[in-house]
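Engineer: Below you'll find my_file_19.tsv; it's TSV, C-alpha atoms.
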chain	number	residue	atom	x	y	z
I	57	MET	CA	7.12	-2.88	-13.80
I	58	GLY	CA	4.65	-0.57	-15.49
I	59	GLY	CA	6.83	2.45	-14.81
I	60	SER	CA	9.96	0.65	-16.03
I	61	LEU	CA	8.30	-0.40	-19.27
I	62	ALA	CA	7.09	3.16	-19.78
I	63	ALA	CA	10.61	4.49	-19.23
I	64	TYR	CA	11.95	2.03	-21.80
I	65	ALA	CA	9.26	3.06	-24.28
I	66	ALA	CA	10.09	6.73	-23.68
I	67	GLY	CA	13.68	6.04	-24.72
I	68	LEU	CA	12.68	4.13	-27.84
I	69	LEU	CA	10.21	6.82	-28.92
I	70	ARG	CA	12.56	9.68	-27.96
I	71	ILE	CA	9.95	11.33	-25.79
I	72	ARG	CA	10.83	14.84	-24.63
I	73	PRO	CA	12.24	14.97	-21.08
I	74	GLU	CA	9.37	17.18	-19.89
I	75	ASP	CA	6.84	14.57	-21.07
I	76	ARG	CA	8.53	11.53	-19.55
I	77	PRO	CA	6.98	11.88	-16.05
I	78	LEU	CA	3.52	11.75	-17.61
I	79	LEU	CA	4.39	8.60	-19.54
I	80	LEU	CA	5.77	7.01	-16.35
I	81	MET	CA	2.51	7.77	-14.54
I	82	CYS	CA	0.59	6.16	-17.39
I	83	GLY	CA	2.76	3.06	-17.02
I	84	VAL	CA	2.00	2.90	-13.30
I	85	ALA	CA	-1.71	3.40	-13.96
I	86	ALA	CA	-1.82	0.65	-16.58
I	87	GLY	CA	0.09	-1.75	-14.36
I	88	PHE	CA	-2.03	-1.12	-11.27
I	89	GLY	CA	-5.33	-1.16	-13.13
I	90	SER	CA	-4.59	-4.37	-15.03
I	91	VAL	CA	-3.08	-6.38	-12.17
I	92	PHE	CA	-5.88	-5.73	-9.68
I	93	GLY	CA	-8.78	-5.12	-12.06
I	94	THR	CA	-9.26	-1.61	-10.64
I	95	PRO	CA	-8.64	0.86	-13.48
I	96	LEU	CA	-10.20	3.88	-11.76
I	97	ALA	CA	-8.07	3.41	-8.66
I	98	GLY	CA	-5.02	2.75	-10.82
I	99	ALA	CA	-5.44	6.00	-12.73
I	100	VAL	CA	-5.88	8.16	-9.63
I	101	PHE	CA	-3.12	6.28	-7.78
I	102	ALA	CA	-0.62	7.17	-10.50
I	103	ALA	CA	-1.63	10.85	-10.39
I	104	GLU	CA	-1.71	10.99	-6.57
I	105	MET	CA	1.35	9.00	-5.49
I	106	LEU	CA	4.07	11.45	-6.53
I	107	THR	CA	3.18	14.18	-4.05
I	108	VAL	CA	1.52	13.81	-0.64
I	109	GLY	CA	-1.57	15.99	-0.47
I	110	THR	CA	-2.05	16.79	-4.16
I	111	ILE	CA	-3.28	15.14	-7.35
I	112	ARG	CA	-1.80	15.95	-10.74
I	113	TYR	CA	-5.02	16.62	-12.57
I	114	ARG	CA	-3.28	17.11	-15.91
I	115	ALA	CA	-2.33	13.45	-15.78
I	116	LEU	CA	-5.80	12.09	-14.99
I	117	PHE	CA	-7.10	11.69	-18.56
I	118	PRO	CA	-4.05	9.90	-20.01
I	119	CYS	CA	-3.77	7.78	-16.85
I	120	PHE	CA	-7.44	6.82	-17.10
I	121	ALA	CA	-6.93	5.84	-20.72
I	122	ALA	CA	-3.83	3.78	-19.89
I	123	ALA	CA	-5.49	2.04	-16.93
I	124	LEU	CA	-8.66	1.21	-18.86
I	125	ILE	CA	-6.71	-0.14	-21.84
I	126	GLY	CA	-4.41	-2.14	-19.56
I	127	ASP	CA	-7.40	-3.67	-17.77
I	128	ALA	CA	-9.09	-4.42	-21.11
I	129	VAL	CA	-5.99	-6.22	-22.38
I	130	THR	CA	-5.79	-8.32	-19.22
I	131	THR	CA	-9.47	-9.18	-19.47
I	132	ALA	CA	-9.11	-10.08	-23.15
I	133	TRP	CA	-6.52	-12.70	-22.18
I	134	GLY	CA	-9.15	-14.34	-19.99
I	135	ILE	CA	-7.44	-13.47	-16.71
I	136	ASP	CA	-9.75	-13.31	-13.72
I	137	HIS	CA	-9.13	-11.30	-10.57
I	138	PRO	CA	-9.96	-12.69	-7.11
I	139	HIS	CA	-13.05	-11.20	-5.49
I	140	TYR	CA	-13.64	-10.76	-1.77
I	141	ASP	CA	-16.89	-9.91	-0.03
I	142	MET	CA	-17.12	-7.52	2.93
I	143	GLY	CA	-20.64	-8.69	3.66
I	144	GLY	CA	-23.66	-6.47	3.98
I	145	MET	CA	-23.54	-2.97	5.41
I	146	PRO	CA	-23.96	-3.06	9.20
I	147	GLU	CA	-26.67	-0.94	10.77
I	148	PHE	CA	-25.33	2.54	11.43
I	149	SER	CA	-24.70	3.75	14.95
I	150	ILE	CA	-22.38	6.25	16.60
I	151	LEU	CA	-20.69	3.38	18.44
I	152	LEU	CA	-20.05	1.57	15.17
I	153	LEU	CA	-18.56	4.74	13.64
I	154	LEU	CA	-16.28	5.19	16.65
I	155	ARG	CA	-15.09	1.58	16.40
I	156	VAL	CA	-14.36	2.03	12.70
I	157	ALA	CA	-12.46	5.24	13.45
I	158	LEU	CA	-10.39	3.45	16.10
I	159	ALA	CA	-9.62	0.66	13.65
I	160	ALA	CA	-8.59	3.29	11.07
I	161	VAL	CA	-6.09	4.82	13.50
I	162	LEU	CA	-4.59	1.39	14.09
I	163	PHE	CA	-4.46	0.75	10.34
I	164	GLY	CA	-2.46	3.96	9.92
I	165	LEU	CA	-0.07	2.96	12.71
I	166	VAL	CA	0.47	-0.48	11.15
I	167	SER	CA	1.21	1.27	7.84
I	168	ALA	CA	3.84	3.42	9.52
I	169	PHE	CA	5.29	0.37	11.30
I	170	PHE	CA	5.60	-1.52	8.01
I	171	SER	CA	7.29	1.41	6.25
I	172	GLU	CA	9.76	1.99	9.07
I	173	LEU	CA	10.54	-1.71	9.46
I	174	VAL	CA	11.38	-2.03	5.76
I	175	ARG	CA	13.61	1.04	5.96
I	176	THR	CA	15.35	-0.23	9.11
I	177	SER	CA	15.85	-3.65	7.54
I	178	LYS	CA	17.58	-2.07	4.54
I	179	ILE	CA	19.91	-0.08	6.83
I	180	VAL	CA	20.78	-3.12	8.96
I	181	PHE	CA	21.55	-5.37	5.99
I	182	ALA	CA	23.60	-2.61	4.32
I	183	ARG	CA	25.70	-2.24	7.48
I	184	LEU	CA	26.20	-5.98	7.88
I	185	ALA	CA	27.41	-6.52	4.32
I	186	SER	CA	28.48	-4.06	1.66
I	187	ASN	CA	28.33	-6.73	-1.06
I	188	PRO	CA	24.76	-6.99	-2.45
I	189	ALA	CA	25.16	-10.72	-3.14
I	190	VAL	CA	26.15	-11.36	0.47
I	191	ARG	CA	23.19	-9.30	1.71
I	192	SER	CA	20.80	-11.29	-0.46
I	193	ALA	CA	22.29	-14.60	0.67
I	194	ALA	CA	21.94	-13.57	4.31
I	195	GLY	CA	18.38	-12.41	3.73
I	196	GLY	CA	17.47	-15.65	1.98
I	197	ALA	CA	18.94	-17.69	4.85
I	198	LEU	CA	16.97	-15.61	7.36
I	199	VAL	CA	13.72	-16.11	5.45
I	200	ILE	CA	14.32	-19.88	5.45
I	201	ALA	CA	14.93	-19.73	9.19
I	202	LEU	CA	11.72	-17.74	9.67
I	203	VAL	CA	9.78	-20.45	7.79
I	204	TYR	CA	10.95	-23.03	10.31
I	205	ILE	CA	10.25	-20.71	13.25
I	206	ALA	CA	6.74	-19.93	12.01
I	207	GLY	CA	6.16	-23.57	11.09
I	208	THR	CA	4.47	-22.70	7.79
I	209	ARG	CA	5.20	-21.50	4.25
I	210	ASP	CA	2.05	-19.36	4.19
I	211	TYR	CA	4.04	-16.12	4.43
I	212	LEU	CA	6.14	-16.75	1.33
I	213	GLY	CA	5.23	-15.23	-2.02
I	214	LEU	CA	2.02	-13.25	-2.38
I	215	SER	CA	0.26	-15.15	0.45
I	216	LEU	CA	-3.09	-14.83	-1.31
I	217	PRO	CA	-4.62	-17.73	0.69
I	218	LEU	CA	-4.20	-15.54	3.78
I	219	LEU	CA	-6.57	-13.02	2.19
I	220	SER	CA	-9.24	-15.68	1.72
I	221	ASP	CA	-8.76	-16.86	5.31
I	222	ALA	CA	-9.06	-13.30	6.62
I	223	PHE	CA	-12.37	-12.63	4.86
I	224	ALA	CA	-13.66	-15.99	6.06
I	225	GLY	CA	-12.60	-15.24	9.63
I	226	GLU	CA	-10.31	-18.28	9.72
I	227	GLY	CA	-6.85	-16.67	9.84
I	228	ASP	CA	-4.14	-16.66	12.48
I	229	PRO	CA	-4.41	-13.55	14.72
I	230	PHE	CA	-0.66	-12.93	14.28
I	231	ALA	CA	-0.61	-13.45	10.51
I	232	PHE	CA	-0.31	-9.71	9.86
I	233	LEU	CA	2.83	-9.53	12.01
I	234	TRP	CA	4.47	-12.55	10.42
I	235	LYS	CA	3.75	-11.22	6.92
I	236	THR	CA	5.20	-7.83	7.90
I	237	VAL	CA	8.44	-9.40	9.14
I	238	PHE	CA	8.81	-11.73	6.14
I	239	THR	CA	8.26	-8.85	3.69
I	240	ALA	CA	10.60	-6.46	5.53
I	241	VAL	CA	13.45	-9.01	5.57
I	242	THR	CA	12.94	-9.86	1.91
I	243	LEU	CA	12.92	-6.24	0.71
I	244	GLY	CA	15.60	-5.12	3.16
I	245	SER	CA	18.10	-7.73	2.03
I	246	GLY	CA	17.92	-6.59	-1.57
I	247	PHE	CA	15.27	-8.74	-3.19
I	248	GLN	CA	13.09	-6.59	-5.43
I	249	GLY	CA	9.44	-7.42	-5.08
I	250	GLY	CA	6.04	-5.86	-4.83
I	251	GLU	CA	4.78	-4.11	-1.74
I	252	VAL	CA	1.18	-3.64	-2.82
I	253	THR	CA	-0.13	-7.20	-2.45
I	254	PRO	CA	1.76	-7.78	0.85
I	255	LEU	CA	0.14	-4.60	2.18
I	256	PHE	CA	-3.26	-5.92	1.10
I	257	VAL	CA	-2.56	-9.15	3.00
I	258	ILE	CA	-1.23	-7.35	6.08
I	259	GLY	CA	-4.23	-5.01	6.15
I	260	ALA	CA	-6.85	-7.73	5.68
I	261	THR	CA	-5.32	-10.07	8.27
I	262	PHE	CA	-4.91	-7.23	10.76
I	263	GLY	CA	-8.52	-6.23	10.20
I	264	GLU	CA	-9.61	-9.78	10.96
I	265	THR	CA	-7.49	-9.72	14.14
I	266	LEU	CA	-9.32	-6.58	15.27
I	267	SER	CA	-12.74	-8.06	14.57
I	268	GLY	CA	-12.84	-9.88	17.91
I	269	PRO	CA	-11.83	-6.99	20.21
I	270	LEU	CA	-14.05	-4.54	18.30
I	271	SER	CA	-16.98	-6.98	18.01
I	272	LEU	CA	-17.33	-6.48	14.26
I	273	SER	CA	-17.59	-8.85	11.33
I	274	ALA	CA	-14.25	-10.33	10.22
I	275	SER	CA	-15.03	-9.79	6.52
I	276	PHE	CA	-16.11	-6.19	7.17
I	277	LEU	CA	-12.89	-5.27	9.01
I	278	ALA	CA	-10.73	-7.31	6.62
I	279	GLY	CA	-11.98	-5.19	3.73
I	280	LEU	CA	-11.48	-1.96	5.64
I	281	GLY	CA	-8.03	-3.11	6.73
I	282	LEU	CA	-6.97	-3.99	3.19
I	283	VAL	CA	-7.80	-0.48	2.00
I	284	GLY	CA	-6.71	1.35	5.17
I	285	VAL	CA	-3.23	-0.10	5.58
I	286	PHE	CA	-2.47	0.38	1.90
I	287	CYS	CA	-3.73	3.97	2.12
I	288	GLY	CA	-1.52	4.81	5.09
I	289	ALA	CA	1.56	3.28	3.49
I	290	THR	CA	1.14	4.99	0.11
I	291	ASN	CA	-0.48	8.30	1.19
I	292	THR	CA	-3.13	8.04	-1.53
I	293	PRO	CA	-6.55	8.41	0.14
I	294	VAL	CA	-8.57	9.26	-2.98
I	295	ALA	CA	-7.15	6.34	-4.95
I	296	CYS	CA	-7.79	4.02	-2.01
I	297	LEU	CA	-11.40	5.17	-1.74
I	298	LEU	CA	-11.87	4.22	-5.39
I	299	LEU	CA	-9.99	0.98	-4.76
I	300	GLY	CA	-12.45	0.06	-2.04
I	301	ILE	CA	-15.42	0.87	-4.28
I	302	GLU	CA	-14.06	-1.17	-7.20
I	303	LEU	CA	-13.18	-4.14	-5.00
I	304	PHE	CA	-16.21	-4.21	-2.67
I	305	GLY	CA	-18.93	-2.05	-4.22
I	306	PHE	CA	-20.81	0.95	-2.80
I	307	ASP	CA	-22.45	-0.72	0.19
I	308	ASN	CA	-19.78	0.34	2.69
I	309	VAL	CA	-18.42	3.39	0.88
I	310	GLY	CA	-19.01	5.69	3.86
I	311	TYR	CA	-16.93	3.54	6.19
I	312	ILE	CA	-14.25	3.10	3.53
I	313	ALA	CA	-14.01	6.89	3.20
I	314	VAL	CA	-13.67	7.31	6.98
I	315	VAL	CA	-10.91	4.69	7.10
I	316	CYS	CA	-8.99	6.24	4.19
I	317	VAL	CA	-8.98	9.73	5.69
I	318	ILE	CA	-8.08	8.69	9.24
I	319	SER	CA	-5.47	6.12	8.22
I	320	TYR	CA	-3.86	8.68	5.91
I	321	LEU	CA	-3.54	11.13	8.80
I	322	ALA	CA	-2.53	8.54	11.41
I	323	SER	CA	0.39	7.22	9.36
I	324	GLY	CA	2.11	10.61	9.59
I	325	HIS	CA	4.92	11.53	7.25
I	326	THR	CA	5.92	7.95	6.59
I	327	GLY	CA	5.42	5.73	3.58
I	328	ILE	CA	6.91	3.09	1.33
I	329	TYR	CA	7.98	5.68	-1.27
I	330	SER	CA	10.85	7.66	0.27
I	331	SER	CA	11.05	10.00	-2.74
I	332	GLN	CA	7.37	10.98	-2.39
I	333	ARG	CA	7.21	14.76	-1.98
I	334	ILE	CA	5.16	16.36	0.80
I	335	ALA	CA	3.16	19.31	-0.48
I	336	ALA	CA	1.98	20.28	3.01
I	337	SER	CA	2.02	18.90	6.51
I	338	LYS	CA	-0.87	16.48	6.95
I	339	LEU	CA	-2.16	18.15	10.10
I	340	GLY	CA	-1.14	21.67	9.08
I	341	ARG	CA	0.85	22.29	12.26
I	342	ARG	CA	3.89	23.76	10.58
I	343	ARG	CA	5.16	24.56	7.15
I	344	LEU	CA	7.65	22.18	5.63
I	345	PRO	CA	10.55	23.35	3.47
I	346	GLU	CA	9.82	23.18	-0.24
I	347	GLY	CA	10.98	19.91	-1.76
I	348	THR	CA	10.62	17.92	1.48
I	349	THR	CA	10.15	14.21	0.81
I	350	ILE	CA	9.14	11.27	2.98
I	351	GLY	CA	12.83	10.38	3.22
I	352	THR	CA	14.04	13.84	4.25
I	353	ALA	CA	11.19	14.23	6.73
I	354	ARG	CA	12.25	10.95	8.32
I	355	ARG	CA	15.86	12.11	8.65
I	356	ARG	CA	14.69	15.41	10.13
I	357	ARG	CA	12.70	13.53	12.78
I	358	GLN	CA	15.76	11.46	13.66
I	359	ARG	CA	17.94	14.54	14.14
I	360	SER	CA	15.34	16.19	16.36
Is it possible to give me this structure as structure tokens?
Structural biologist:
Amino acid sequence: MGGSLAAYAAGLLRIRPEDRPLLLMCGVAAGFGSVFGTPLAGAVFAAEMLTVGTIRYRALFPCFAAALIGDAVTTAWGIDHPHYDMGGMPEFSILLLLRVALAAVLFGLVSAFFSELVRTSKIVFARLASNPAVRSAAGGALVIALVYIAGTRDYLGLSLPLLSDAFAGEGDPFAFLWKTVFTAVTLGSGFQGGEVTPLFVIGATFGETLSGPLSLSASFLAGLGLVGVFCGATNTPVACLLLGIELFGFDNVGYIAVVCVISYLASGHTGIYSSQRIAASKLGRRRLPEGTTIGTARRRRQRS
């Protein structure tokens, strides 16, 4: 929405074509920063999301300004943002670090699974019906059926109560999987909706699910999962590090950084933004052709 409004403003103000990408990034930064109350993360996210592995530093100052102003406007309207607590920082140990690293790998794999499931859902619905209205009707009917199968309406909409349950350690262990399926069907059948909040929910609920097997606090892993799954799906580790700091404070910043880096690498060349360009291979194994995107890298993997 922020990018669309910025594009509309660019047309009204007759902005030069070479300056339009910067204005679009400012729109994204303002939208992200104001919706989640995280202006620093919003600014860096807008400058980092276009290309995997690089940040457009020229855009940082205007994006910071846009994100801070957007957040100030939201605050001036008296809108509050939900707050979640990861709990205190656990006592450091090598075993704890290894468990966090393992969780981070799994967060990255869940990110890749989500991205690929959404893409597959779009392909399947497009093959079943060429008419967009028919696709949407079929998708809506399937979502209704999934509600009856799951026996709950918790996975409709933003599912914010699931976040609260995850941080309280009271969620369903399969909530992350249900939310993934509901979101993939909704987006795949043509309904346009956000992916950010569903990824937050999927990450937090998956983190809570891992808390038992890894013998860690549910709130601690829910916070790491929220940041880690979103990081792997968007390929924005620096923005996600700032996101974790703005949402949860500095207490667990070291673990948040570990999760962001490992999840970013573990998700591979996948992501929710198929037009996102890849500046360099994540693991540096081989050079990628100039102009390679997440979408073209996916097609290249399929052919090989």
Engineer: List every residue of stretch 229-345 of chain I that has an atom at most 9 Å from any atom of stretch 102-111 of chain I, giving for each one its closest atom pair and the distance in Å to one decimal, counting all atoms listed in the file, sorted by chain and then by ascending residue number, as CSV.
Structural biologist:
residue,atom,partner,partner_atom,distance
I:Thr290,CA,I:Met105,CA,6.9
I:Asn291,CA,I:Val108,CA,6.1
I:Thr292,CA,I:Glu104,CA,6.0
I:Pro293,CA,I:Glu104,CA,8.7
I:Val294,CA,I:Glu104,CA,7.9
I:Ala295,CA,I:Glu104,CA,7.3
I:His325,CA,I:Val108,CA,8.9
I:Tyr329,CA,I:Met105,CA,8.5
I:Ser331,CA,I:Leu106,CA,8.1
I:Gln332,CA,I:Leu106,CA,5.3
I:Arg333,CA,I:Thr107,CA,4.6
I:Ile334,CA,I:Val108,CA,4.7
I:Ala335,CA,I:Val108,CA,5.7
I:Ala336,CA,I:Gly109,CA,6.6
I:Ser337,CA,I:Gly109,CA,8.4
I:Lys338,CA,I:Gly109,CA,7.5
Engineer: Output the selection as a tab-separated table (two decimals), in the coordinates of the input - C-alpha atoms for each residue.
Structural biologist:
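Contents of the output file part-v4.tsv:
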chain	number	residue	atom	x	y	z
I	290	THR	CA	1.14	4.99	0.11
I	291	ASN	CA	-0.48	8.30	1.19
I	292	THR	CA	-3.13	8.04	-1.53
I	293	PRO	CA	-6.55	8.41	0.14
I	294	VAL	CA	-8.57	9.26	-2.98
I	295	ALA	CA	-7.15	6.34	-4.95
I	325	HIS	CA	4.92	11.53	7.25
I	329	TYR	CA	7.98	5.68	-1.27
I	331	SER	CA	11.05	10.00	-2.74
I	332	GLN	CA	7.37	10.98	-2.39
I	333	ARG	CA	7.21	14.76	-1.98
I	334	ILE	CA	5.16	16.36	0.80
I	335	ALA	CA	3.16	19.31	-0.48
I	336	ALA	CA	1.98	20.28	3.01
I	337	SER	CA	2.02	18.90	6.51
I	338	LYS	CA	-0.87	16.48	6.95
Engineer: Between atom CA of I:Ala99 and atom CA of I:Gly59, what is the distance in Å, rounded to a tenth?
Structural biologist: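 Distance between the two atoms: 12.9 Å.
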Engineer: Calculated over all atoms listed in the file, which of the candidates I:Ile350, I:Leu303, I:Leu202, I:Cys82 has the smallest distance to I:Met142?
Structural biologist: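 Smallest distance to I:Met142 is found for I:Leu303.
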Engineer: Let me make sure I understand: among I:Leu212, I:Met57, I:Leu266, I:Leu80, which one has the smallest atom-to-atom distance to I:Pro229 if we use all atoms listed in the file?
Structural biologist: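 Going through I:Leu212, I:Met57, I:Leu266, I:Leu80 one by one, the smallest distance to I:Pro229 is for I:Leu266.
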Engineer: Find the residue from I:Gly58, I:Val237, I:Gly164, I:Gly259 that sits nearest to I:Val203; use all atoms listed in the file when measuring.
Structural biologist: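 Result for the nearest residue to I:Val203: I:Val237.
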Engineer: Taking all atoms listed in the file into account, name the residue in I:Gly249, I:Ala168, I:Leu96, I:Gly196 that is nearest to I:Arg354.
Structural biologist: I:Ala168
Engineer: Step by step, gather every atom of stretch 111-130 of chain I that the file lists, find the box along x, y and z that holds them, add 3 Å on each side, and finally give centre and edge lengths in Å to one decimal, as AutoDock Vina command-line options.
Structural biologist:
--center_x -5.4 --center_y 4.4 --center_z -14.9 --size_x 13.3 --size_y 31.4 --size_z 21.0
Engineer: Kindly indicate which residue among I:Thr326, I:Ser319, I:Gln248, I:Asn187 lies nearest to I:Leu158, using all atoms listed in the file for the distances.
Structural biologist: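 Looking at the shortest contact to I:Leu158, the residue is I:Ser319.
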Engineer: Contacts of I:Phe230 at 8 Å or less, counting all atoms listed in the file, minus same-chain residues fewer than 3 places along, as number ranges by chain?
Structural biologist: I: 233-234, 262, 265
Engineer: Please measure the separation of atom CA of I:Asp210 and atom CA of I:Cys287, giving the value in Å to one decimal.
Structural biologist: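 Atom-to-atom, atom CA of I:Asp210 and atom CA of I:Cys287 are spaced 24.1 Å apart.
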Engineer: Give as a compact mmCIF listing (two decimals) with C-alpha atoms, keeping the file's coordinate frame each residue that has an atom at most 8 Å from (6.1, -0.3, 4.2) in the file, counting only C-alpha atoms.
Structural biologist:
# COMPACT_ATOMS: atom_id res chain seq x y z
CA SER I 167 1.21 1.27 7.84
CA ALA I 168 3.84 3.42 9.52
CA PHE I 169 5.29 0.37 11.30
CA PHE I 170 5.60 -1.52 8.01
CA SER I 171 7.29 1.41 6.25
CA GLU I 172 9.76 1.99 9.07
CA LEU I 173 10.54 -1.71 9.46
CA VAL I 174 11.38 -2.03 5.76
CA ARG I 175 13.61 1.04 5.96
CA ALA I 240 10.60 -6.46 5.53
CA GLU I 251 4.78 -4.11 -1.74
CA LEU I 255 0.14 -4.60 2.18
CA ALA I 289 1.56 3.28 3.49
CA GLY I 327 5.42 5.73 3.58
CA ILE I 328 6.91 3.09 1.33
Engineer: Would you compute the distance between atom CA of I:Leu216 and atom CA of I:Val91? Give it in Å to one decimal.
Structural biologist: 13.8 Å
Engineer: With only C-alpha atoms as the atoms that count, which of I:Val309, I:Ile150, I:Phe92, I:Leu78 lies nearest to I:His137?
Structural biologist: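 Selected residue with least distance to I:His137: I:Phe92.
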Engineer: Could you pull the residues within 6 Å of stretch 268-283 of chain I, counting only C-alpha atoms, minus those fewer than 3 positions along the same chain, as a list in words?
Structural biologist: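 Listed by chain and then number, they are Met142, Phe223, Gly225, Phe256, Gly259, Ala260, Gly263, Glu264 and Phe286 of chain I.
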Engineer: May I have the residues from that selection written out with C-alpha atoms, as an mmCIF file, keeping the file's coordinate frame?
Structural biologist:
data_model
loop_
_atom_site.group_PDB
_atom_site.id
_atom_site.type_symbol
_atom_site.label_atom_id
_atom_site.label_comp_id
_atom_site.auth_asym_id
_atom_site.auth_seq_id
_atom_site.Cartn_x
_atom_site.Cartn_y
_atom_site.Cartn_z
ATOM 1 C CA MET I 142 -17.120 -7.520 2.930
ATOM 2 C CA PHE I 223 -12.370 -12.630 4.860
ATOM 3 C CA GLY I 225 -12.600 -15.240 9.630
ATOM 4 C CA PHE I 256 -3.260 -5.920 1.100
ATOM 5 C CA GLY I 259 -4.230 -5.010 6.150
ATOM 6 C CA ALA I 260 -6.850 -7.730 5.680
ATOM 7 C CA GLY I 263 -8.520 -6.230 10.200
ATOM 8 C CA GLU I 264 -9.610 -9.780 10.960
ATOM 9 C CA PHE I 286 -2.470 0.380 1.900
#
Engineer: Write out as a VMD selection string each polymer residue whose atoms come within 12 Å of I:Ile125, counting all atoms listed in the file; drop sequence neighbours fewer than 3 positions from it.
Structural biologist: chain I and resid 82 to 83 85 to 90 93 to 96 98 to 99 118 to 122 128 to 132
Engineer: Hey, what's within 12 Å of I:Thr208 if we count all atoms listed in the file and toss same-chain stuff fewer than 5 positions away? As a ChimeraX atom specification, please?
Structural biologist: /I:199-203,215,218,228,231,234-235,238
Engineer: Mind rebuilding stretch 215-228 of chain I with N, CA, C and O atoms and writing that out as a PDB file, in the frame of the given file?
Structural biologist:
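Result file follows (part-v6.pdb):
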ATOM      1  N   SER I 215       1.089 -14.768  -0.713  1.00  0.00           N
ATOM      2  CA  SER I 215       0.260 -15.150   0.450  1.00  0.00           C
ATOM      3  C   SER I 215      -1.223 -14.878   0.212  1.00  0.00           C
ATOM      4  O   SER I 215      -1.961 -14.516   1.140  1.00  0.00           O
ATOM      5  N   LEU I 216      -1.676 -15.084  -1.011  1.00  0.00           N
ATOM      6  CA  LEU I 216      -3.090 -14.830  -1.310  1.00  0.00           C
ATOM      7  C   LEU I 216      -4.049 -15.698  -0.497  1.00  0.00           C
ATOM      8  O   LEU I 216      -5.155 -15.233  -0.159  1.00  0.00           O
ATOM      9  N   PRO I 217      -3.685 -16.958  -0.159  1.00  0.00           N
ATOM     10  CA  PRO I 217      -4.620 -17.730   0.690  1.00  0.00           C
ATOM     11  C   PRO I 217      -4.914 -17.050   2.024  1.00  0.00           C
ATOM     12  O   PRO I 217      -5.989 -17.241   2.599  1.00  0.00           O
ATOM     13  N   LEU I 218      -3.955 -16.248   2.522  1.00  0.00           N
ATOM     14  CA  LEU I 218      -4.200 -15.540   3.780  1.00  0.00           C
ATOM     15  C   LEU I 218      -5.331 -14.533   3.631  1.00  0.00           C
ATOM     16  O   LEU I 218      -6.070 -14.268   4.594  1.00  0.00           O
ATOM     17  N   LEU I 219      -5.471 -13.949   2.429  1.00  0.00           N
ATOM     18  CA  LEU I 219      -6.570 -13.020   2.190  1.00  0.00           C
ATOM     19  C   LEU I 219      -7.912 -13.745   2.301  1.00  0.00           C
ATOM     20  O   LEU I 219      -8.848 -13.256   2.947  1.00  0.00           O
ATOM     21  N   SER I 220      -7.993 -14.913   1.663  1.00  0.00           N
ATOM     22  CA  SER I 220      -9.240 -15.680   1.720  1.00  0.00           C
ATOM     23  C   SER I 220      -9.569 -16.067   3.157  1.00  0.00           C
ATOM     24  O   SER I 220     -10.729 -15.979   3.595  1.00  0.00           O
ATOM     25  N   ASP I 221      -8.543 -16.484   3.904  1.00  0.00           N
ATOM     26  CA  ASP I 221      -8.760 -16.860   5.310  1.00  0.00           C
ATOM     27  C   ASP I 221      -9.250 -15.673   6.130  1.00  0.00           C
ATOM     28  O   ASP I 221     -10.114 -15.811   7.007  1.00  0.00           O
ATOM     29  N   ALA I 222      -8.675 -14.484   5.859  1.00  0.00           N
ATOM     30  CA  ALA I 222      -9.060 -13.300   6.620  1.00  0.00           C
ATOM     31  C   ALA I 222     -10.524 -12.951   6.393  1.00  0.00           C
ATOM     32  O   ALA I 222     -11.258 -12.648   7.342  1.00  0.00           O
ATOM     33  N   PHE I 223     -10.967 -12.977   5.142  1.00  0.00           N
ATOM     34  CA  PHE I 223     -12.370 -12.630   4.860  1.00  0.00           C
ATOM     35  C   PHE I 223     -13.326 -13.698   5.359  1.00  0.00           C
ATOM     36  O   PHE I 223     -14.502 -13.411   5.613  1.00  0.00           O
ATOM     37  N   ALA I 224     -12.818 -14.924   5.521  1.00  0.00           N
ATOM     38  CA  ALA I 224     -13.660 -15.990   6.060  1.00  0.00           C
ATOM     39  C   ALA I 224     -13.601 -16.054   7.580  1.00  0.00           C
ATOM     40  O   ALA I 224     -14.330 -16.844   8.191  1.00  0.00           O
ATOM     41  N   GLY I 225     -12.728 -15.227   8.190  1.00  0.00           N
ATOM     42  CA  GLY I 225     -12.600 -15.240   9.630  1.00  0.00           C
ATOM     43  C   GLY I 225     -11.877 -16.463  10.160  1.00  0.00           C
ATOM     44  O   GLY I 225     -12.107 -16.876  11.305  1.00  0.00           O
ATOM     45  N   GLU I 226     -10.982 -17.040   9.349  1.00  0.00           N
ATOM     46  CA  GLU I 226     -10.310 -18.280   9.720  1.00  0.00           C
ATOM     47  C   GLU I 226      -8.793 -18.128   9.817  1.00  0.00           C
ATOM     48  O   GLU I 226      -8.063 -19.117   9.843  1.00  0.00           O
ATOM     49  N   GLY I 227      -8.291 -16.890   9.850  1.00  0.00           N
ATOM     50  CA  GLY I 227      -6.850 -16.670   9.840  1.00  0.00           C
ATOM     51  C   GLY I 227      -6.230 -16.687  11.226  1.00  0.00           C
ATOM     52  O   GLY I 227      -6.923 -16.651  12.251  1.00  0.00           O
ATOM     53  N   ASP I 228      -4.901 -16.736  11.240  1.00  0.00           N
ATOM     54  CA  ASP I 228      -4.140 -16.660  12.480  1.00  0.00           C
ATOM     55  C   ASP I 228      -4.141 -15.202  12.959  1.00  0.00           C
ATOM     56  O   ASP I 228      -3.896 -14.291  12.161  1.00  0.00           O
TER      57      ASP I 228
END
